[in-house]
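Asks: The following block contains the structure, expressed as C-alpha cells.
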Amino acid sequence: MSEDEFDLNDLLDDVAKVPPTADPAPPETLPVATPSSEAEFMGETGAVTGKARMEAAYGTGEGEGQGMAMVAKSATVEAGTIFHQIYRPWRGNLNPRWVRNWSILRHHVYGLFSKGHRPWPVTTKLLVVIVLFGSLLPIISMAMATLTGIDALMQFYGVSRANLWGHVLGRFHNICCWPLLTALIVGGLISEDRQHGTSAIYFSRPVTRTDYTLMKYISAALILSLVIVFSYCAYYAAAIVLNNEGWAYLLDTIPFFLGGLVAAFMLVVTFTSIGLALSSISTGRFFPAASFLGIIFGSQILAFLIKLLFDRDTLFLISPYDNLAHVGQYMMGINTTYDFPPAWSFVALLLMNGISLYILISRVNSLEVTRE
Amino acid sequence: MALENDLERAGGCLIEHRQVVPPTIHRIDGAVPMTEEWIVETHDLVKKYGEHLALDGINLAVRPGATGLLGPNGAGKSTLLKTILGLIALTSGGGKVLGHDIATEGAKIRQRIGYMPEYDCLIPEMEAIHQVRYAGELLGMNSISAVQRAHEVLEYVGLRDQRYRTVSTFSTGMEQATKLACSLIHDPDLLLCDEPTNGLDSNARGFMLDTLFQVVKQGGRSIIMSSHLMDDVERICDRMLMIHKGQVIAQGRIEDLKAIDREIEISVWGGASRIEEKLKDMGQSVRRTGRVMRITRIDDSTYGTIIKAAAETSVQIRKMEDYEPSLEDLFIVIMDRLGYSVKSSKDLLGGNTPTMDHAAQLGRKVA
C-alpha cells in the first residue's frame, strides 16, 4: 500500500495521539463598553455627531448594525444576544402649563400641514385648501380687473359694505363653504377622543379638563379663522393694494371692515361652539358633522318656510346663520332684512353659545380616564 | 389559627402584623432613589356616586416596589386608580401620593405618575414614535427631549423596528407596549398599570411582565398593577392590595399573606383514611384528595405530629413537603373567610357567585 492511499487505522491512531482538550471555554461575552463621562447618546459613547444622532434616531444605513450592538452592551449579555433591555432614567424637567397647552394646540393645527401631529383625513385637508382658495377668488378677480382695466369687474368684486358682508355672511359662503368646513374640522375633535379612548392620554397627565376643552376650542377656531378671517382680511388688503387706495379710503372703510371682522369672529365662535358641543356628545365624526349641517341648514329652511307661509320672521331666531347675518348687517351698517331688532338676534346668539358651551363642558367632564 | 397569629384584624382589613423592611431598590446610572416611605397613603377615603358607595373608608399604605391591585369586578379598583391619579373629588377622607395631597395637588401627582390604561387610548392613525412623543409633550416635555426619549422607551419596550408604523397596524401586544412606552416616557416614579397583559398571547404576556419587572428592579420605579390574573401579579409584585365592595380586605407582602395558609403536603400509602382520621383526632386541619393530603402547618411540631400519626396508623409516608400556596390559593382563602364559597378566582371575578348575598350578609367578617 502506497503512502498516498487512505488507511483508516492511521487516522484513528492520529486521533488517539491528540492530547485531551481542555473543558470548553465559557461563552464569550461581548466587550463591555465603559460609559464615557463626556458624552453619551442613546447608549453610544464618544463624540455625539449629527450622523450618530441620525443613526440613533432613524436606525438607517450603518447605524442599523451599530444600533443592534448598542442594546447588547451589558456585562451580563452573552454572545448572540441581540436585544437586551436596559431601563434608562430621564433627568429632564417638565415644563409648565402653557407648554402642555401649546402642545395640544400644535398637535391639532400642525396636523393639517405636517406629519407627526393629529392625523386629519385627506378629505378635510382637501376641503380646507379648496375653500381657502375659493374664498380668495375675489382677489384674483380684482387683480384681473386691475390688469385689464375692466372697471365693471372691479365694481362687482371690489370692496364695499355688501361685498365685505357677503364674504363672511353671504348665503353662498354659508351654504357651500363655512358649514361644510366646520363640520369636517370640528366633527371628530372630541368624539374621536371618546371613540378611541384618547381622553385617557390627556387626563392621566397634568392636563385639566379646562385646558383640554379650551385648547380644542382654540384649535378649531384657529383653523376656521385661518380660512374665514384670513381670507376676509386678505380680500380687504388686496383691494387697497390693487386699487392703490390712500388714507381717506382707509378711514372710510375701516369701520365696516372692523364690523365685518367682528362678525367673522362671531361666526367662527358660534360655529365652533355648536360643532364642539355636538362632537362631545358622540363617538364618531359622522354624527356631529351631519347634525351640525342639519342644525345650520334645517333651521334656515324651517324659518324660511314659516316666513313664506305665515309671513313671520321671528322663527329666524332659531337659525344660527340668520342671527349672525342679522347682527352682521347691523354692525356693518347695512339695511337689515329681518323684521325684529338685532338685539334679539344677539341675545339668541349668546343663548346658543351658552347652551353649546354648557353641553360641551358637561360632556367633557364625563370623559373617563379608566374606562369609556 | 395561623391567620390570627400573623395578622390582626383592624377596621375590617387584614393588615401586616410585623414591620417589614422595604425592598432595597437600586437605580442605575446614578438616578436618585425615591425617599418617600409610602408612595400611596390614604386615610378613610370615601367616594360616593349618588347613593352608590364606590370607596368605603379606604386606608392604604403602599410602599415603594411592585404592588398588585386585586379585586372582583366593581370592587372599586378603577375608582381607586382615579383617586391615586388625583382626578376625582372625594366625598371624605384624604391621602397623599408620592408626598402630594390627593385633593389639591392632582397635577403634581400626575406629573410623577405614568398611567397605562386597560383600554385603547392610542390614536390609530398616528405613528408610534409620534404617539409616544405627544404623550411626553402633554406632560410638559419639550419636543426635542420628547422625541429623543420616545426613541429610548420604544426601544426599551421592544418596538425599536416598529416605531414608524401607524398604531392601527399594530397587534394587541404592540399596542400594549406602545401604551407602556407612553407611560414611561417621563421616567415616572410610580407606574399605574391597569390590566397590562389584557389580550396578550403567552409570549407577549411574558415580555410585558419581564419589562414591568425590569422597571421595578432595574429602574427602581414603583408599580401598582391592577389585574385579574393572579399569576401576573405574583410574578412581578412583592406586595398586594385586595379590595372588595370598596373596602380593603387584605394588603401587605404576598409572602406574609401566604403565611396565613401554609400547609404540609404528604403522599401516603396504605391507609389514607386512617391517617386522616388520626390527624383530625390529633387536632390537625386536613384536606385530602385521594392519597395526597394537606395539613395546616401550625409550627415545626406539625411535622412530628404527622410522623407520629403515620407510625401509629402503620401508614407509609412516601413524600412530605411544604406546600407553597399560590396567590390564587390565597385569594380563595381570603374570600372563603369572607363567606364566599369560591373554588377559583374566576367564580368571583365573573360576578356570578351564587353565594354573594350570603357574603354580603356576613359583611366584614374576616378570618
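Please note that chains go A, B, ... in the order of the C-alpha cells, that every chain numbers its residues from 1, and that ligands are numbered from 1 in the order shown.
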Could you name the residues that touch Leu250 (chain A) at 9 Å or less, counting only C-alpha atoms, but leaving out those on the same chain fewer than 5 positions away, as a PDB file with C-alpha atoms, in the first residue's frame?

Replies:
ATOM      1  CA  ILE A 240     -56.341  98.547  -1.033  1.00  0.00           C
ATOM      2  CA  GLU A 245     -56.054 103.429  -2.243  1.00  0.00           C
ATOM      3  CA  PRO A 255     -65.391 100.947  10.400  1.00  0.00           C
TER       4      PRO A 255
END

Asks: Which neighbours of region 318-334 of chain B fall inside 6 Å, counting only C-alpha atoms, when residues of the same chain fewer than 5 positions from it are skipped, and could you give them as a PDB file with N, CA and C atoms, in the first residue's frame?

Replies:
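The resulting file, result.pdb, is shown below:
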ATOM      1  N   MET B 230     -53.987  36.322  38.680  1.00  0.00           N
ATOM      2  CA  MET B 230     -53.185  36.176  39.894  1.00  0.00           C
ATOM      3  C   MET B 230     -51.727  35.852  39.560  1.00  0.00           C
ATOM      4  N   GLU B 263     -49.210  25.119  54.408  1.00  0.00           N
ATOM      5  CA  GLU B 263     -49.596  23.723  54.637  1.00  0.00           C
ATOM      6  C   GLU B 263     -48.431  22.779  54.357  1.00  0.00           C
ATOM      7  N   ILE B 264     -48.593  21.564  54.862  1.00  0.00           N
ATOM      8  CA  ILE B 264     -47.628  20.500  54.564  1.00  0.00           C
ATOM      9  C   ILE B 264     -48.362  19.473  53.721  1.00  0.00           C
ATOM     10  N   GLU B 265     -47.738  19.150  52.581  1.00  0.00           N
ATOM     11  CA  GLU B 265     -48.392  18.190  51.692  1.00  0.00           C
ATOM     12  C   GLU B 265     -47.730  16.828  51.849  1.00  0.00           C
ATOM     13  N   ILE B 266     -48.530  15.796  52.042  1.00  0.00           N
ATOM     14  CA  ILE B 266     -47.973  14.444  52.158  1.00  0.00           C
ATOM     15  C   ILE B 266     -48.683  13.511  51.182  1.00  0.00           C
ATOM     16  N   SER B 267     -47.895  12.540  50.703  1.00  0.00           N
ATOM     17  CA  SER B 267     -48.474  11.453  49.901  1.00  0.00           C
ATOM     18  C   SER B 267     -48.334  10.180  50.734  1.00  0.00           C
ATOM     19  N   VAL B 268     -49.407   9.472  50.906  1.00  0.00           N
ATOM     20  CA  VAL B 268     -49.374   8.314  51.804  1.00  0.00           C
ATOM     21  C   VAL B 268     -49.735   7.050  51.037  1.00  0.00           C
TER      22      VAL B 268
END

Asks: Please report the interatomic distance between CA of Arg262 (chain B) and CA of Arg294 (chain B) in Å with one decimal.

Replies: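 The value is 9.4 Å.
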
Asks: Using only C-alpha atoms and a distance of at most 8 Å, pull out the residues of chain A that contact chain B, as a PyMOL selection string.

Replies: chain A and resi 42+57+85-90+92-97+99-101+103-104+107+116-119+196-208+369-371

Asks: From the options B:Ala204, B:Ile243, B:Val292, B:Leu257, which residue's atoms come nearest to Gly71 (chain B), counting only C-alpha atoms?

Replies: B:Ile243

Asks: Give me the residues near Leu184 (chain A) as a list in words, where near means some atom within 8 Å (using only C-alpha atoms) and where sequence neighbours in that chain fewer than 2 positions away do not count.

Replies: Thr124, Leu180, Leu181, Thr182, Val186, Gly187, Gly188, Arg285 and Ala289 of chain A

Asks: Which residue out of A:Ser299, A:Thr270, A:Ser280, A:Asn335 has the minimum interatomic distance to Asn353 (chain A) when only C-alpha atoms are used?

Replies: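 Under the stated criterion, the closest residue is A:Thr270.
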
Asks: For region 46-50 of chain B, list every protein, DNA or RNA residue within 8 Å, evaluated using only C-alpha atoms, and leave out those in the same chain fewer than 2 positions away; present the list as a compact mmCIF listing (two decimals) with C-alpha atoms, in the first residue's frame.

Replies:
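Generated output (result-v2.txt):
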# COMPACT_ATOMS: atom_id res chain seq x y z
CA ASP B 44 -60.66 56.85 55.41
CA HIS B 52 -73.54 54.17 45.34
CA LEU B 53 -70.60 53.84 47.67
CA ALA B 54 -67.56 53.25 45.47
CA LEU B 55 -64.88 53.59 48.14
CA ASP B 56 -65.81 52.84 51.71
CA GLY B 57 -63.23 54.13 54.14
CA ILE B 58 -60.10 53.00 52.34
CA ALA B 89 -63.27 64.83 44.20
CA LEU B 90 -63.52 62.70 47.30
CA THR B 91 -66.62 62.61 49.46
CA SER B 92 -64.49 62.47 52.58
CA GLY B 93 -61.06 61.40 53.74

Asks: What gap, in Å, lies between CA of Leu69 (chain B) and CA of Phe207 (chain B)?

Replies: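 Computing the Euclidean distance for CA of Leu69 (chain B) and CA of Phe207 (chain B) yields 20.2 Å.
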
Asks: Interatomic distance between CA of Asp238 (chain B) and CA of Thr67 (chain B)?

Replies: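 It comes out at 6.3 Å.
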
Asks: If DSSP is run on the backbone, what residues of region 1-223 of chain B are strand (DSSP E or B)? A reply as number ranges by chain would be ideal.

Replies: B: 7-10, 13-16, 40-49, 52-62, 66-70, 92-97, 100-101, 113-116, 127, 166, 190-194, 222-223

Asks: Identify, with DSSP run on backbone atoms, the residues in region 86-133 of chain A assigned to alpha helix (DSSP H), and express the list as a list of chain:residue names.

Replies: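 Alpha helix (DSSP H) members of region 86-133 of chain A, listed: A:Arg97, A:Trp98, A:Val99, A:Arg100, A:Asn101, A:Trp102, A:Ser103, A:Ile104, A:Leu105, A:Arg106, A:His107, A:His108, A:Val109, A:Tyr110, A:Val122, A:Thr123, A:Thr124, A:Lys125, A:Leu126, A:Leu127, A:Val128, A:Val129, A:Ile130, A:Val131, A:Leu132, A:Phe133.
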
Asks: Here is a test: counting only C-alpha atoms, which residue of A:Leu153, A:Met331, A:Ile295, A:Leu224 is nearest to Phe256 (chain A)?

Replies: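 Ranking A:Leu153, A:Met331, A:Ile295, A:Leu224 by distance to Phe256 (chain A), first place goes to A:Met331.
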
Asks: For Ser135 (chain A), list every protein, DNA or RNA residue within 12 Å, evaluated using only C-alpha atoms, and leave out those in the same chain fewer than 5 positions away; present the list as a PyMOL selection string.

Replies: chain A and resi 127-130+140-141+164+166-168+170+172-174+176-178+226-235

Asks: Selected residues, N, CA and C atoms, written as an mmCIF file, in the first residue's frame, please.

Replies:
data_model
loop_
_atom_site.group_PDB
_atom_site.id
_atom_site.type_symbol
_atom_site.label_atom_id
_atom_site.label_comp_id
_atom_site.auth_asym_id
_atom_site.auth_seq_id
_atom_site.Cartn_x
_atom_site.Cartn_y
_atom_site.Cartn_z
ATOM 1 N N LEU A 127 -60.547 69.900 1.585
ATOM 2 C CA LEU A 127 -61.625 70.887 1.678
ATOM 3 C C LEU A 127 -61.091 72.224 2.202
ATOM 4 N N VAL A 128 -60.169 72.136 3.162
ATOM 5 C CA VAL A 128 -59.578 73.377 3.689
ATOM 6 C C VAL A 128 -58.908 74.145 2.557
ATOM 7 N N VAL A 129 -58.140 73.431 1.757
ATOM 8 C CA VAL A 129 -57.423 74.078 0.654
ATOM 9 C C VAL A 129 -58.416 74.647 -0.369
ATOM 10 N N ILE A 130 -59.415 73.842 -0.721
ATOM 11 C CA ILE A 130 -60.381 74.284 -1.737
ATOM 12 C C ILE A 130 -61.155 75.506 -1.263
ATOM 13 N N ILE A 140 -58.285 87.403 -7.031
ATOM 14 C CA ILE A 140 -57.832 87.142 -8.402
ATOM 15 C C ILE A 140 -58.656 87.983 -9.385
ATOM 16 N N SER A 141 -59.962 88.070 -9.103
ATOM 17 C CA SER A 141 -60.830 88.866 -9.994
ATOM 18 C C SER A 141 -60.424 90.339 -9.960
ATOM 19 N N LEU A 164 -68.142 92.986 1.569
ATOM 20 C CA LEU A 164 -67.455 92.525 2.780
ATOM 21 C C LEU A 164 -68.387 91.670 3.636
ATOM 22 N N GLY A 166 -70.947 90.052 2.518
ATOM 23 C CA GLY A 166 -71.177 88.829 1.758
ATOM 24 C C GLY A 166 -70.026 87.847 1.865
ATOM 25 N N HIS A 167 -68.795 88.366 1.999
ATOM 26 C CA HIS A 167 -67.648 87.466 2.088
ATOM 27 C C HIS A 167 -67.734 86.579 3.331
ATOM 28 N N VAL A 168 -68.236 87.176 4.409
ATOM 29 C CA VAL A 168 -68.317 86.404 5.656
ATOM 30 C C VAL A 168 -69.691 85.772 5.814
ATOM 31 N N GLY A 170 -72.442 86.005 3.569
ATOM 32 C CA GLY A 170 -73.281 85.805 2.381
ATOM 33 C C GLY A 170 -73.848 84.397 2.329
ATOM 34 N N PHE A 172 -74.092 82.307 -0.141
ATOM 35 C CA PHE A 172 -73.274 81.314 -0.849
ATOM 36 C C PHE A 172 -72.212 80.699 0.066
ATOM 37 N N HIS A 173 -71.453 81.597 0.717
ATOM 38 C CA HIS A 173 -70.397 81.086 1.597
ATOM 39 C C HIS A 173 -70.967 80.258 2.735
ATOM 40 N N ASN A 174 -72.187 80.628 3.171
ATOM 41 C CA ASN A 174 -72.744 79.923 4.316
ATOM 42 C C ASN A 174 -73.569 78.703 3.922
ATOM 43 N N CYS A 176 -72.157 76.737 0.936
ATOM 44 C CA CYS A 176 -71.158 75.890 0.274
ATOM 45 C C CYS A 176 -69.815 75.816 0.992
ATOM 46 N N CYS A 177 -69.538 76.763 1.853
ATOM 47 C CA CYS A 177 -68.170 76.802 2.389
ATOM 48 C C CYS A 177 -68.101 76.577 3.892
ATOM 49 N N TRP A 178 -68.491 77.621 4.652
ATOM 50 C CA TRP A 178 -68.181 77.587 6.094
ATOM 51 C C TRP A 178 -68.826 76.409 6.839
ATOM 52 N N LEU A 226 -58.271 80.689 10.104
ATOM 53 C CA LEU A 226 -57.250 80.702 9.045
ATOM 54 C C LEU A 226 -57.910 80.828 7.672
ATOM 55 N N VAL A 227 -59.078 80.251 7.541
ATOM 56 C CA VAL A 227 -59.770 80.310 6.258
ATOM 57 C C VAL A 227 -60.688 81.537 6.204
ATOM 58 N N ILE A 228 -61.561 81.665 7.183
ATOM 59 C CA ILE A 228 -62.610 82.696 7.099
ATOM 60 C C ILE A 228 -62.033 84.098 7.334
ATOM 61 N N VAL A 229 -61.366 84.267 8.463
ATOM 62 C CA VAL A 229 -60.871 85.605 8.819
ATOM 63 C C VAL A 229 -59.696 85.997 7.926
ATOM 64 N N PHE A 230 -58.818 85.025 7.687
ATOM 65 C CA PHE A 230 -57.657 85.332 6.848
ATOM 66 C C PHE A 230 -58.098 85.760 5.450
ATOM 67 N N SER A 231 -59.025 85.011 4.864
ATOM 68 C CA SER A 231 -59.458 85.346 3.502
ATOM 69 C C SER A 231 -60.176 86.706 3.482
ATOM 70 N N TYR A 232 -60.900 87.002 4.559
ATOM 71 C CA TYR A 232 -61.593 88.297 4.666
ATOM 72 C C TYR A 232 -60.578 89.441 4.712
ATOM 73 N N CYS A 233 -59.564 89.272 5.569
ATOM 74 C CA CYS A 233 -58.537 90.327 5.693
ATOM 75 C C CYS A 233 -57.733 90.451 4.397
ATOM 76 N N ALA A 234 -57.414 89.285 3.807
ATOM 77 C CA ALA A 234 -56.639 89.305 2.563
ATOM 78 C C ALA A 234 -57.420 90.013 1.459
ATOM 79 N N TYR A 235 -58.709 89.789 1.421
ATOM 80 C CA TYR A 235 -59.582 90.416 0.418
ATOM 81 C C TYR A 235 -59.549 91.940 0.571
#

Asks: Mind checking which residues fall within 9 Å of Leu276 (chain A), counting only C-alpha atoms, ignoring those fewer than 3 positions away in the same chain, and posting them as a list of chain:residue names?

Replies: A:Val186, A:Gly187, A:Gly188, A:Leu189, A:Ile190, A:Ser191, A:Lys216, A:Tyr217, A:Ala220, A:Phe271, A:Thr272, A:Ser273, A:Ser279, A:Ser280, A:Ile281, A:Pro288, A:Ser356, A:Leu357, A:Leu360

Asks: How would the residues just picked look written out with C-alpha atoms as a PDB file, in the first residue's frame?

Replies:
ATOM      1  CA  VAL A 186     -64.963  70.085  14.399  1.00  0.00           C
ATOM      2  CA  GLY A 187     -66.746  66.779  13.840  1.00  0.00           C
ATOM      3  CA  GLY A 188     -64.168  64.404  15.245  1.00  0.00           C
ATOM      4  CA  LEU A 189     -62.297  66.729  17.529  1.00  0.00           C
ATOM      5  CA  ILE A 190     -63.721  65.374  20.782  1.00  0.00           C
ATOM      6  CA  SER A 191     -65.832  62.479  19.590  1.00  0.00           C
ATOM      7  CA  LYS A 216     -59.569  72.022  21.451  1.00  0.00           C
ATOM      8  CA  TYR A 217     -61.813  75.066  21.090  1.00  0.00           C
ATOM      9  CA  ALA A 220     -60.854  74.506  15.874  1.00  0.00           C
ATOM     10  CA  PHE A 271     -69.952  77.524  14.692  1.00  0.00           C
ATOM     11  CA  THR A 272     -67.120  76.177  16.841  1.00  0.00           C
ATOM     12  CA  SER A 273     -69.297  76.131  19.961  1.00  0.00           C
ATOM     13  CA  SER A 279     -68.775  66.422  18.861  1.00  0.00           C
ATOM     14  CA  SER A 280     -68.676  65.997  22.620  1.00  0.00           C
ATOM     15  CA  ILE A 281     -71.912  64.025  22.713  1.00  0.00           C
ATOM     16  CA  PRO A 288     -71.524  65.633  14.772  1.00  0.00           C
ATOM     17  CA  SER A 356     -73.446  74.784  23.447  1.00  0.00           C
ATOM     18  CA  LEU A 357     -70.678  75.542  25.916  1.00  0.00           C
ATOM     19  CA  LEU A 360     -69.528  70.833  25.837  1.00  0.00           C
TER      20      LEU A 360
END

Asks: Find, counting only C-alpha atoms, the residue in B:Ile144, B:Leu338, B:Met225, B:Leu191 that gets nearest to Gly68 (chain B).

Replies: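 Nearest to Gly68 (chain B): B:Met225.
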